[in-house]
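This is target34.cif (mmCIF, C-alpha atoms).
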```cif
data_run
#
loop_
_atom_site.label_atom_id
_atom_site.label_comp_id
_atom_site.auth_asym_id
_atom_site.auth_seq_id
_atom_site.Cartn_x
_atom_site.Cartn_y
_atom_site.Cartn_z
CA MET A 232 23.37 153.05 -113.56
CA ARG A 233 23.73 154.26 -110.00
CA LEU A 234 22.95 153.25 -106.42
CA ASP A 235 21.85 155.95 -104.00
CA ILE A 236 19.13 156.72 -101.45
CA ALA A 237 16.56 157.47 -104.15
CA SER A 238 17.16 154.22 -106.07
CA LEU A 239 17.12 152.19 -102.84
CA SER A 240 13.84 153.82 -101.81
CA MET A 241 12.32 152.95 -105.18
CA ALA A 242 13.48 149.33 -104.83
CA ILE A 243 11.76 149.10 -101.43
CA LEU A 244 8.59 150.68 -102.83
CA TRP A 245 8.42 148.32 -105.84
CA ASN A 246 9.17 145.33 -103.61
CA ILE A 247 6.18 146.20 -101.42
CA ILE A 248 3.97 146.82 -104.49
CA PHE A 249 4.80 143.49 -106.14
CA ILE A 250 4.39 141.47 -102.93
CA SER A 251 1.07 143.24 -102.19
CA VAL A 252 -0.14 142.25 -105.67
CA VAL A 253 0.73 138.62 -104.82
CA PHE A 254 -1.43 138.77 -101.66
CA VAL A 255 -4.36 140.18 -103.63
CA MET A 256 -4.02 137.56 -106.39
CA GLU A 257 -3.69 134.74 -103.87
CA LYS A 258 -7.24 135.42 -102.63
CA LYS A 259 -8.72 135.19 -106.12
CA LYS A 260 -9.84 131.70 -107.17
CA ALA A 261 -9.12 132.60 -110.80
CA TYR A 262 -5.40 132.25 -110.08
CA THR A 263 -5.50 128.62 -108.94
CA SER A 264 -4.64 127.32 -112.42
CA ARG A 265 -1.08 126.66 -113.48
CA LYS A 266 -1.06 129.86 -115.53
CA GLY A 267 -2.39 131.81 -112.54
CA ILE A 268 0.27 130.37 -110.25
CA GLN A 269 2.92 131.24 -112.83
CA ILE A 270 1.73 134.86 -112.74
CA ILE A 271 1.79 134.87 -108.91
CA LEU A 272 5.37 133.56 -108.95
CA ILE A 273 6.32 136.18 -111.54
CA PHE A 274 5.17 139.03 -109.30
CA TYR A 275 6.93 137.49 -106.33
CA LEU A 276 10.18 137.15 -108.29
CA LEU A 277 9.81 140.74 -109.49
CA GLY A 278 9.75 141.88 -105.88
CA VAL A 279 12.76 139.71 -105.00
CA ILE A 280 14.88 140.79 -108.00
CA ARG A 281 13.95 144.45 -107.46
CA MET A 282 15.49 144.23 -103.98
CA LEU A 283 18.55 142.31 -105.16
CA PHE A 284 19.33 145.00 -107.77
CA PRO A 285 18.22 148.33 -106.25
CA VAL A 286 19.85 150.50 -108.92
CA ASP A 287 18.66 153.44 -110.98
CA PHE A 288 18.99 153.24 -114.75
CA GLN A 289 19.30 156.34 -116.89
CA PRO A 290 17.40 157.72 -118.68
CA SER A 291 14.29 157.21 -116.58
CA ILE A 292 10.91 158.89 -116.25
CA GLY A 293 10.82 161.02 -113.12
CA ILE A 294 7.56 161.77 -111.30
CA PRO A 295 8.19 164.88 -109.16
CA ILE A 296 6.31 165.10 -105.86
CA SER A 297 6.40 168.46 -104.09
CA LYS A 298 3.57 168.03 -101.59
CA GLY A 299 3.00 165.68 -98.69
CA VAL A 300 5.52 164.02 -96.39
CA PHE A 301 7.78 162.57 -99.10
CA PRO A 302 9.88 165.73 -99.75
CA VAL A 303 10.00 166.44 -95.99
CA VAL A 304 11.21 162.91 -95.16
CA ASN A 305 13.75 163.03 -97.98
CA ASN A 306 15.06 166.33 -96.64
CA VAL A 307 15.36 165.06 -93.05
CA LEU A 308 16.91 161.70 -93.96
CA GLY A 309 18.98 162.41 -97.05
CA LEU A 310 19.77 166.14 -97.24
CA GLU A 311 20.34 167.40 -93.71
CA GLU A 312 23.93 166.68 -92.69
CA HIS A 313 25.16 166.02 -89.18
CA SER A 314 28.65 165.80 -87.74
CA PHE A 315 30.04 163.32 -85.22
CA LEU A 316 33.71 163.19 -84.23
CA GLY A 317 34.57 165.25 -87.28
CA VAL A 318 32.71 162.91 -89.67
CA ASP A 319 29.87 164.34 -91.76
CA PHE A 320 26.89 162.05 -92.36
CA ASN A 321 23.14 162.04 -92.88
CA ILE A 322 20.50 159.82 -91.28
CA ALA A 323 19.88 157.86 -94.48
CA ASN A 324 23.51 156.72 -94.64
CA GLY A 325 23.31 155.53 -91.03
CA ILE A 326 20.10 153.59 -91.73
CA VAL A 327 21.63 151.91 -94.81
CA ILE A 328 24.74 150.88 -92.86
CA PHE A 329 22.64 149.41 -90.02
CA TRP A 330 20.30 147.68 -92.48
CA SER A 331 23.21 146.21 -94.47
CA ALA A 332 24.97 144.96 -91.33
CA ILE A 333 21.87 143.05 -90.15
CA ALA A 334 21.28 141.64 -93.66
CA ILE A 335 24.88 140.39 -93.94
CA ILE A 336 24.68 138.74 -90.51
CA LEU A 337 21.41 136.99 -91.42
CA MET A 338 22.78 135.75 -94.77
CA LEU A 339 25.96 134.42 -93.16
CA ARG A 340 23.89 132.63 -90.54
CA TYR A 341 21.63 131.10 -93.19
CA PHE A 342 24.54 129.86 -95.34
CA THR A 343 26.24 128.43 -92.23
CA GLU A 344 23.09 126.58 -91.15
CA TYR A 345 22.58 125.28 -94.68
CA ARG A 346 26.12 123.86 -94.80
CA GLN A 347 25.67 122.23 -91.40
CA MET A 348 22.33 120.71 -92.44
CA HIS A 349 23.78 119.49 -95.73
CA ARG A 350 26.73 117.79 -93.99
CA LEU A 351 24.43 116.22 -91.41
CA PHE A 352 22.16 114.78 -94.11
CA GLN A 353 25.14 113.48 -96.09
CA LYS A 354 26.59 111.87 -92.96
CA CYS A 355 23.32 110.16 -91.99
CA SER A 356 22.32 109.07 -95.50
CA VAL A 357 23.14 106.03 -97.60
CA ILE A 358 23.12 106.27 -101.39
CA ASP A 359 20.37 104.25 -103.08
CA GLU A 360 21.86 102.77 -106.25
CA MET A 361 18.63 100.92 -107.06
CA CYS A 362 17.02 104.24 -108.04
CA GLU A 363 19.63 105.16 -110.66
CA PRO A 364 17.82 103.60 -113.68
CA VAL A 365 14.58 105.41 -112.75
CA ILE A 366 16.42 108.69 -112.23
CA GLU A 367 18.14 108.43 -115.62
CA GLN A 368 14.78 107.79 -117.26
CA ILE A 369 13.23 110.84 -115.58
CA LYS A 370 16.25 113.04 -116.33
CA LEU A 371 15.90 112.22 -120.01
CA LYS A 372 12.19 113.03 -119.88
CA LYS A 373 12.71 116.32 -118.00
CA LYS A 374 15.87 117.25 -119.96
CA ILE A 375 17.97 117.54 -116.79
CA LYS A 376 21.71 117.37 -117.45
CA LYS A 377 23.07 117.64 -113.91
CA LYS A 378 23.78 114.53 -111.86
CA ILE A 379 21.07 113.63 -109.33
CA SER A 380 21.95 111.43 -106.36
CA VAL A 381 19.29 109.55 -104.39
CA TYR A 382 19.85 108.77 -100.70
CA ARG A 383 18.00 106.86 -98.00
CA ASN A 384 17.78 108.52 -94.60
CA SER A 385 16.10 107.00 -91.54
CA ALA A 386 15.87 110.40 -89.80
CA ILE A 387 13.36 111.91 -92.23
CA ALA A 388 9.68 111.11 -92.68
CA ILE A 389 9.02 112.53 -96.13
CA PRO A 390 10.82 112.61 -99.51
CA CYS A 391 12.61 115.90 -100.13
CA ALA A 392 15.14 117.49 -102.48
CA GLU A 393 17.95 119.98 -102.00
CA GLY A 394 20.99 121.34 -103.75
CA ILE A 395 22.02 124.05 -106.19
CA PHE A 396 25.14 122.75 -107.92
CA ARG A 397 24.82 119.12 -106.78
CA LEU A 398 21.24 117.87 -106.79
CA ASN A 399 20.19 115.41 -104.10
CA ILE A 400 16.97 113.58 -103.31
CA TYR A 401 16.45 112.09 -99.84
CA LEU A 402 13.98 109.27 -99.24
CA PRO A 403 12.85 107.91 -95.88
CA LYS A 404 13.50 104.26 -95.21
CA CYS A 405 10.01 103.19 -96.23
CA GLU A 406 8.80 100.52 -98.58
CA TYR A 407 7.52 101.93 -101.87
CA SER A 408 6.19 100.07 -104.87
CA GLU A 409 7.94 100.67 -108.20
CA GLU A 410 5.07 102.90 -109.31
CA GLU A 411 5.11 104.95 -106.09
CA LEU A 412 8.87 105.33 -106.24
CA TYR A 413 8.64 106.54 -109.83
CA TYR A 414 6.08 109.25 -108.95
CA ILE A 415 8.06 110.38 -105.90
CA LEU A 416 11.26 110.75 -107.92
CA LEU A 417 9.33 112.36 -110.78
CA HIS A 418 7.89 114.93 -108.36
CA GLU A 419 11.28 115.84 -106.91
CA CYS A 420 12.95 115.98 -110.33
CA THR A 421 10.16 118.28 -111.52
CA HIS A 422 11.16 120.68 -108.73
CA PHE A 423 14.67 120.66 -110.20
CA ALA A 424 13.37 121.18 -113.76
CA ASN A 425 11.11 124.07 -112.65
CA GLY A 426 13.99 125.80 -110.88
CA ASP A 427 12.16 125.75 -107.54
CA LEU A 428 15.38 125.35 -105.56
CA TYR A 429 16.75 128.56 -107.09
CA ILE A 430 13.51 130.38 -106.30
CA LYS A 431 13.78 129.26 -102.66
CA TRP A 432 17.34 130.55 -102.46
CA LEU A 433 16.28 133.90 -103.89
CA THR A 434 13.48 133.94 -101.35
CA GLN A 435 15.89 133.40 -98.47
CA ILE A 436 18.20 136.15 -99.72
CA CYS A 437 15.25 138.51 -100.08
CA ARG A 438 14.12 137.57 -96.57
CA CYS A 439 17.57 138.46 -95.23
CA LEU A 440 17.60 141.76 -97.12
CA CYS A 441 14.04 142.68 -96.11
CA TRP A 442 14.29 141.48 -92.52
CA TRP A 443 12.27 144.53 -91.45
CA ASN A 444 9.29 143.73 -93.74
CA PRO A 445 6.63 141.43 -92.17
CA LEU A 446 5.11 140.78 -95.63
CA VAL A 447 8.24 138.90 -96.71
CA TYR A 448 7.96 136.48 -93.77
CA LYS A 449 4.29 135.86 -94.50
CA MET A 450 5.16 135.16 -98.13
CA GLN A 451 7.27 132.13 -97.15
CA ASP A 452 4.41 129.66 -96.59
CA MET A 453 2.49 131.06 -99.55
CA LEU A 454 5.46 130.52 -101.83
CA GLU A 455 5.95 126.94 -100.58
CA LYS A 456 2.33 126.11 -101.34
CA ASN A 457 2.40 127.63 -104.84
CA LEU A 458 5.62 125.83 -105.76
CA GLU A 459 4.09 122.52 -104.72
CA ILE A 460 0.87 123.18 -106.67
CA ARG A 461 2.83 124.18 -109.78
CA CYS A 462 4.93 121.01 -109.43
CA ASP A 463 1.76 118.86 -109.10
CA LEU A 464 0.22 120.44 -112.20
CA THR A 465 3.44 119.94 -114.17
CA VAL A 466 3.66 116.27 -113.18
CA THR A 467 0.01 115.44 -113.85
CA GLU A 468 -0.57 117.41 -117.09
CA ASN A 469 0.67 114.47 -119.21
CA LEU A 470 -0.83 111.68 -117.07
CA GLU A 471 -4.01 109.74 -117.68
CA GLN A 472 -6.75 109.95 -115.05
CA ILE A 473 -5.85 106.60 -113.46
CA GLU A 474 -2.20 107.68 -113.29
CA GLN A 475 -3.20 110.95 -111.64
CA ILE A 476 -5.12 109.00 -108.99
CA THR A 477 -2.07 106.84 -108.30
CA TYR A 478 0.08 109.96 -108.01
CA LEU A 479 -2.33 111.50 -105.48
CA GLU A 480 -2.46 108.25 -103.50
CA THR A 481 1.35 108.37 -103.30
CA ILE A 482 1.14 111.85 -101.75
CA VAL A 483 -1.41 110.62 -99.21
CA LYS A 484 0.86 107.69 -98.28
CA ALA A 485 3.76 110.11 -97.75
CA LEU A 486 1.50 112.24 -95.54
CA LYS A 487 0.69 109.23 -93.34
CA ASN A 488 4.41 108.66 -92.78
CA ILE A 489 4.69 112.18 -91.32
CA GLU A 490 2.23 111.26 -88.59
CA LYS A 491 4.60 108.51 -87.42
CA LYS A 492 7.59 110.85 -86.99
CA ASN A 493 8.11 114.33 -85.61
CA ASN A 494 10.63 115.35 -88.26
CA SER A 495 8.77 116.26 -91.45
CA GLY A 496 11.69 116.71 -93.80
CA ILE A 497 14.46 119.08 -94.72
CA LEU A 498 14.53 122.74 -93.85
CA TYR A 499 16.41 124.07 -96.87
CA GLY A 500 14.89 122.14 -99.77
CA VAL A 501 11.48 121.22 -101.15
CA GLN A 502 9.21 118.52 -99.80
CA LEU A 503 6.68 116.22 -101.44
CA THR A 504 3.87 117.39 -99.16
CA ASN A 505 3.19 119.00 -95.78
CA ARG A 506 1.21 118.50 -92.59
CA ASN A 507 -1.62 120.86 -93.54
CA GLY A 508 -4.63 118.76 -94.57
CA LYS A 509 -6.51 121.84 -95.85
CA GLU A 510 -3.70 122.74 -98.24
CA LEU A 511 -3.44 119.11 -99.39
CA LYS A 512 -7.16 119.09 -100.19
CA GLU A 513 -6.71 122.35 -102.11
CA ARG A 514 -3.87 120.80 -104.13
CA PHE A 515 -6.07 117.83 -105.05
CA GLU A 516 -8.94 120.10 -106.11
CA ILE A 517 -6.66 122.19 -108.32
CA ILE A 518 -5.23 119.07 -109.98
CA TYR A 519 -8.75 117.79 -110.64
CA LYS A 520 -9.96 121.10 -112.13
CA ASN A 521 -6.90 121.42 -114.37
CA ARG A 522 -6.47 117.76 -115.33
CA LYS A 523 -7.27 118.47 -118.99
CA ASN A 524 -5.29 121.69 -119.25
CA LYS A 525 -1.79 121.67 -120.64
CA THR A 526 0.68 124.50 -120.64
CA LYS A 527 1.15 125.85 -124.13
CA LYS A 528 4.37 127.37 -125.37
CA SER A 529 2.49 130.60 -126.11
CA GLN A 530 1.48 130.83 -122.44
CA LYS A 531 5.10 130.55 -121.35
CA MET A 532 6.10 133.27 -123.83
CA LYS A 533 3.31 135.54 -122.56
CA CYS A 534 4.44 135.06 -118.94
CA LEU A 535 8.04 135.79 -119.90
CA ALA A 536 7.01 138.91 -121.84
CA MET A 537 4.93 140.09 -118.88
CA PHE A 538 7.90 139.56 -116.55
CA LEU A 539 10.25 141.58 -118.75
CA ILE A 540 7.77 144.42 -119.30
CA MET A 541 7.02 144.78 -115.58
CA MET A 542 10.71 144.60 -114.68
CA ILE A 543 11.64 147.32 -117.20
CA PHE A 544 8.68 149.42 -116.09
CA SER A 545 9.83 149.27 -112.44
CA TYR A 546 13.25 150.62 -113.41
CA VAL A 547 12.22 153.44 -115.74
CA ILE A 548 9.62 155.00 -113.41
CA MET A 549 11.22 157.01 -110.61
CA ILE A 550 9.42 159.03 -107.93
CA THR A 551 11.56 162.06 -107.06
CA PRO A 552 11.04 164.78 -104.43
CA ALA A 553 10.54 168.28 -105.85
CA TYR A 554 11.24 171.51 -104.00
CA TYR A 555 9.79 174.82 -105.17
CA PRO A 556 10.42 178.25 -103.63
CA ALA A 557 7.63 179.99 -101.75
CA GLU A 558 5.74 182.57 -103.76
CA GLU A 559 6.95 185.41 -101.49
CA GLU A 560 10.55 184.48 -102.32
CA ILE A 561 10.05 184.80 -106.07
CA ILE A 562 11.34 188.16 -107.38
CA THR A 563 9.67 189.57 -110.47
CA GLY A 564 10.18 192.76 -112.41
CA GLU A 565 11.51 194.28 -115.60
CA GLY A 566 14.63 192.54 -116.94
CA ILE A 567 14.26 189.57 -114.57
CA GLU A 568 13.86 186.16 -116.21
CA GLU A 569 12.69 182.87 -114.80
CA MET A 570 15.24 180.05 -114.66
CA THR A 571 13.57 176.69 -115.29
CA THR A 572 14.65 173.16 -116.17
CA LYS A 573 13.90 174.00 -119.80
CA ASN A 574 16.31 176.94 -120.12
CA THR A 575 18.86 176.33 -117.33
CA TYR A 576 21.10 173.49 -116.26
CA ILE A 577 24.21 172.91 -114.13
CA LEU A 578 27.53 172.10 -115.79
CA LYS A 579 30.56 170.57 -114.06
CA GLU A 580 34.02 171.33 -115.47
CA GLY A 581 36.78 169.74 -113.40
CA GLU A 582 36.14 170.77 -109.81
CA LYS A 583 34.00 173.80 -110.71
CA TYR A 584 30.26 174.09 -111.28
CA TYR A 585 28.47 176.55 -113.53
CA THR A 586 24.87 177.50 -114.25
CA ILE A 587 24.18 177.64 -117.97
CA HIS A 588 21.23 179.87 -118.85
CA LYS A 589 19.93 180.56 -122.35
CA SER A 590 17.82 183.68 -122.53
CA GLU A 591 14.70 183.20 -124.61
CA ILE A 592 14.42 186.98 -125.10
CA ARG A 593 17.98 187.95 -126.00
CA GLY A 594 18.95 184.60 -127.52
CA LYS A 595 22.35 184.48 -125.81
CA ILE A 596 23.93 181.99 -123.41
CA GLU A 597 25.06 183.11 -119.95
CA LYS A 598 27.55 181.12 -117.86
CA GLU A 599 27.97 181.84 -114.17
CA GLU A 600 30.23 180.01 -111.71
CA LEU A 601 28.58 178.67 -108.58
CA SER A 602 30.18 179.02 -105.16
CA SER A 603 30.92 175.92 -103.08
CA GLU A 604 28.12 176.89 -100.65
CA GLU A 605 25.60 177.07 -103.49
CA VAL A 606 26.74 173.73 -104.89
CA LYS A 607 26.38 172.12 -101.47
CA GLU A 608 22.89 173.59 -101.01
CA ILE A 609 21.78 172.37 -104.48
#
```
Reformat the file's structure so that it appears as structure tokens.
Amino acid sequence: MRLDIASLSMAILWNIIFISVVFVMEKKKAYTSRKGIQIILIFYLLGVIRMLFPVDFQPSIGIPISKGVFPVVNNVLGLEEHSFLGVDFNIANGIVIFWSAIAIILMLRYFTEYRQMHRLFQKCSVIDEMCEPVIEQIKLKKKIKKKISVYRNSAIAIPCAEGIFRLNIYLPKCEYSEEELYYILLHECTHFANGDLYIKWLTQICRCLCWWNPLVYKMQDMLEKNLEIRCDLTVTENLEQIEQITYLETIVKALKNIEKKNNSGILYGVQLTNRNGKELKERFEIIYKNRKNKTKKSQKMKCLAMFLIMMIFSYVIMITPAYYPAEEEIITGEGIEEMTTKNTYILKEGEKYYTIHKSEIRGKIEKEELSSEEVKEI
């Protein structure tokens, strides 16, 4: 396992490929089922994880490219060395340093803002002990072991959830019936059970790492919508039709509360709904179309298998630049043999390098020491 310019370039390439697949799938109506949304999230997570772990595993399958701009760019950025104040460097190293510095600054800013927002919400919220019996009932149903605290906050207009290690649900100071309160808490707890908070954190880290990629910023709203649709489908898959209608009415009531206040919720968590009426209508249509569909265990296993296969595939396929000598530079004649990757390799012993060549004609092995200039050029 190694981290270098080539492995980082492959991570960027796969990140762009996976996110582009998400955009294509998002436009297809066939992927508006829960299974389809799971596949969309899988490709998005593949792109995120590929950027978080931009390493090169060995052995891998190399695809040599000798034509086009790729070898030229690799030569200019990664092979040509420059000197400044006695320090040798190449352009690629400078780009990585600049990129990393910006990414670190953005991540530090995000974590700082999150802590400030969390403290502000804690300071302005009052714990709602009346919700504890309902929460315990839902936790048992969703098999959630972590403690979940429910707060009332007059500054927010919509129920929302946040937290990684300590899970919190914030409710506006509105009057809800027992049934409405149950569906609201069930919705937010489903976000916890689905791991949506962790996905959002990975998204933010990826956004900080890929601050130069406009596709990542555009993915933010798309991801929010798909997480909400998946949560709706998870909540309603075991409900009767009348219960589904009540659940949808609860979402509509929450949407009306947004119109009364400018603040729509929390910036670093997940919300029950949003301001976009078109997206809300789309959520309702998807719930209606999939009201009889339930997620089978075999479907989850297929999605997991697909995730693992695609992840492994992205690490074992490597595009590498290839450089071949010009035909006029190739010397041929009697007694001259061609040195290829099949009969020649480079061996390092201590601080010295050697070329090891096995003659196919004479059947003997030749060992020749390389000079430091030749090693540097290679």
Excluding Thr434 in chain A and residues on its chain fewer than 6 positions from it, collect all residues at most 10 Å away from it, counting all atoms listed in the file, and give them as JSON, numbers by chain. {"A": [275, 276, 278, 279, 280, 428, 440, 447, 448, 450, 451, 454]}
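Using only C-alpha atoms, the shortest contact distance between Ser240 in chain A and any of A:Ile294, A:Ala386, A:Leu464, A:Ile550 is found at A:Ile550.
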Counting all atoms listed in the file, which residues in range 337-435 of chain A sit no more than 9 Å from range 465-477 of chain A? For each one, give the nearest pair of atoms and the distance in Å, sorted by chain then residue number, as a tab-separated table.
```
residue	atom	partner	partner_atom	distance
A:Glu410	CA	A:Thr477	CA	8.2
A:Glu411	CA	A:Thr477	CA	7.7
A:Tyr414	CA	A:Thr477	CA	8.5
A:Leu417	CA	A:Val466	CA	7.3
A:His418	CA	A:Val466	CA	6.6
A:Thr421	CA	A:Val466	CA	7.0
A:Asn425	CA	A:Thr465	CA	8.8
```
In Å and to one decimal, CA of Pro364 in chain A is distant from CA of Tyr413 in chain A by 10.4 Å
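Closest approach to Ala332 in chain A from the set A:Gly581, A:Ala485, A:Cys439, A:Arg397 is made by A:Cys439, with distances taken over only C-alpha atoms.
The coordinates place CA of Ser314 in chain A at 27.1 Å from CA of Trp443 in chain A.
Around the point (-1.4, 139.0, -115.1), within 10 Å and counting only C-alpha atoms, we find these residues: Met256, Tyr262, Lys266, Gly267, Gln269, Ile270, Ile271, Ile273, Phe274, Lys533, Cys534, Met537 and Phe538 of chain A.
As for CA of Leu351 in chain A and CA of Lys404 in chain A, they are spaced 16.6 Å apart.
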Residue contacts of Asn384 in chain A (7 Å, only C-alpha atoms) excluding same-chain residues fewer than 6 positions away, as a PyMOL selection string: chain A and resi 355-357+401-404
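Nearest residue to Asp359 in chain A, choosing from A:Tyr382, A:Phe544, A:Phe329, A:Tyr341 and counting all atoms listed in the file: A:Tyr382.
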With all atoms listed in the file as the counted atoms, please give the residues lying no more than 10 Å from range 283-287 of chain A, apart from itself and same-chain residues fewer than 5 positions off, as an MDAnalysis selection string.
chainID A and resid 232:243 245:246 277:278 433 436:437 440 545:549
Residue subset to file, keeping C-alpha atoms, as a PDB file, keeping the file's coordinate frame:
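Heads up, here's the output in again_28.pdb:
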```pdb
ATOM      1  CA  MET A 232      23.370 153.050-113.560  1.00  0.00           C
ATOM      2  CA  ARG A 233      23.730 154.260-110.000  1.00  0.00           C
ATOM      3  CA  LEU A 234      22.950 153.250-106.420  1.00  0.00           C
ATOM      4  CA  ASP A 235      21.850 155.950-104.000  1.00  0.00           C
ATOM      5  CA  ILE A 236      19.130 156.720-101.450  1.00  0.00           C
ATOM      6  CA  ALA A 237      16.560 157.470-104.150  1.00  0.00           C
ATOM      7  CA  SER A 238      17.160 154.220-106.070  1.00  0.00           C
ATOM      8  CA  LEU A 239      17.120 152.190-102.840  1.00  0.00           C
ATOM      9  CA  SER A 240      13.840 153.820-101.810  1.00  0.00           C
ATOM     10  CA  MET A 241      12.320 152.950-105.180  1.00  0.00           C
ATOM     11  CA  ALA A 242      13.480 149.330-104.830  1.00  0.00           C
ATOM     12  CA  ILE A 243      11.760 149.100-101.430  1.00  0.00           C
ATOM     13  CA  TRP A 245       8.420 148.320-105.840  1.00  0.00           C
ATOM     14  CA  ASN A 246       9.170 145.330-103.610  1.00  0.00           C
ATOM     15  CA  LEU A 277       9.810 140.740-109.490  1.00  0.00           C
ATOM     16  CA  GLY A 278       9.750 141.880-105.880  1.00  0.00           C
ATOM     17  CA  LEU A 433      16.280 133.900-103.890  1.00  0.00           C
ATOM     18  CA  ILE A 436      18.200 136.150 -99.720  1.00  0.00           C
ATOM     19  CA  CYS A 437      15.250 138.510-100.080  1.00  0.00           C
ATOM     20  CA  LEU A 440      17.600 141.760 -97.120  1.00  0.00           C
ATOM     21  CA  SER A 545       9.830 149.270-112.440  1.00  0.00           C
ATOM     22  CA  TYR A 546      13.250 150.620-113.410  1.00  0.00           C
ATOM     23  CA  VAL A 547      12.220 153.440-115.740  1.00  0.00           C
ATOM     24  CA  ILE A 548       9.620 155.000-113.410  1.00  0.00           C
ATOM     25  CA  MET A 549      11.220 157.010-110.610  1.00  0.00           C
TER      26      MET A 549
END
```
Identify all residues satisfying the PyMOL selection byres ((chain A and resi 380) around 6) in the given file; provide them as a PyMOL selection string.
-> chain A and resi 379+381+399
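Comparing the minimum interatomic distances between His349 in chain A and each of A:Pro390, A:Ile400, A:Tyr478, A:Lys376, counting all atoms listed in the file, we find that A:Ile400 sits nearest.
If only C-alpha atoms are the atoms counted, then among A:Ile567, A:Val318, A:Ile248, A:Ala323 the closest residue to Asn305 in chain A is A:Ala323.
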Checklist entry - Within 9 Å of (10.0, 166.6, -104.0), all atoms listed in the file: residues as a PyMOL selection string? => result chain A and resi 295-299+301-303+305-306+550-555
Write out as AutoDock Vina command-line options an axis-aligned box for range 459-469 of chain A: all of its atoms listed in the file, 3 Å added on each side, centre and edge lengths in Å with one decimal.
```
--center_x 2.2 --center_y 119.3 --center_z -112.0 --size_x 11.5 --size_y 15.7 --size_z 20.5
```
If you count all atoms listed in the file, the residue of A:Trp442, A:Ala388, A:Arg383, A:Gly426 closest to Ile336 in chain A turns out to be A:Trp442
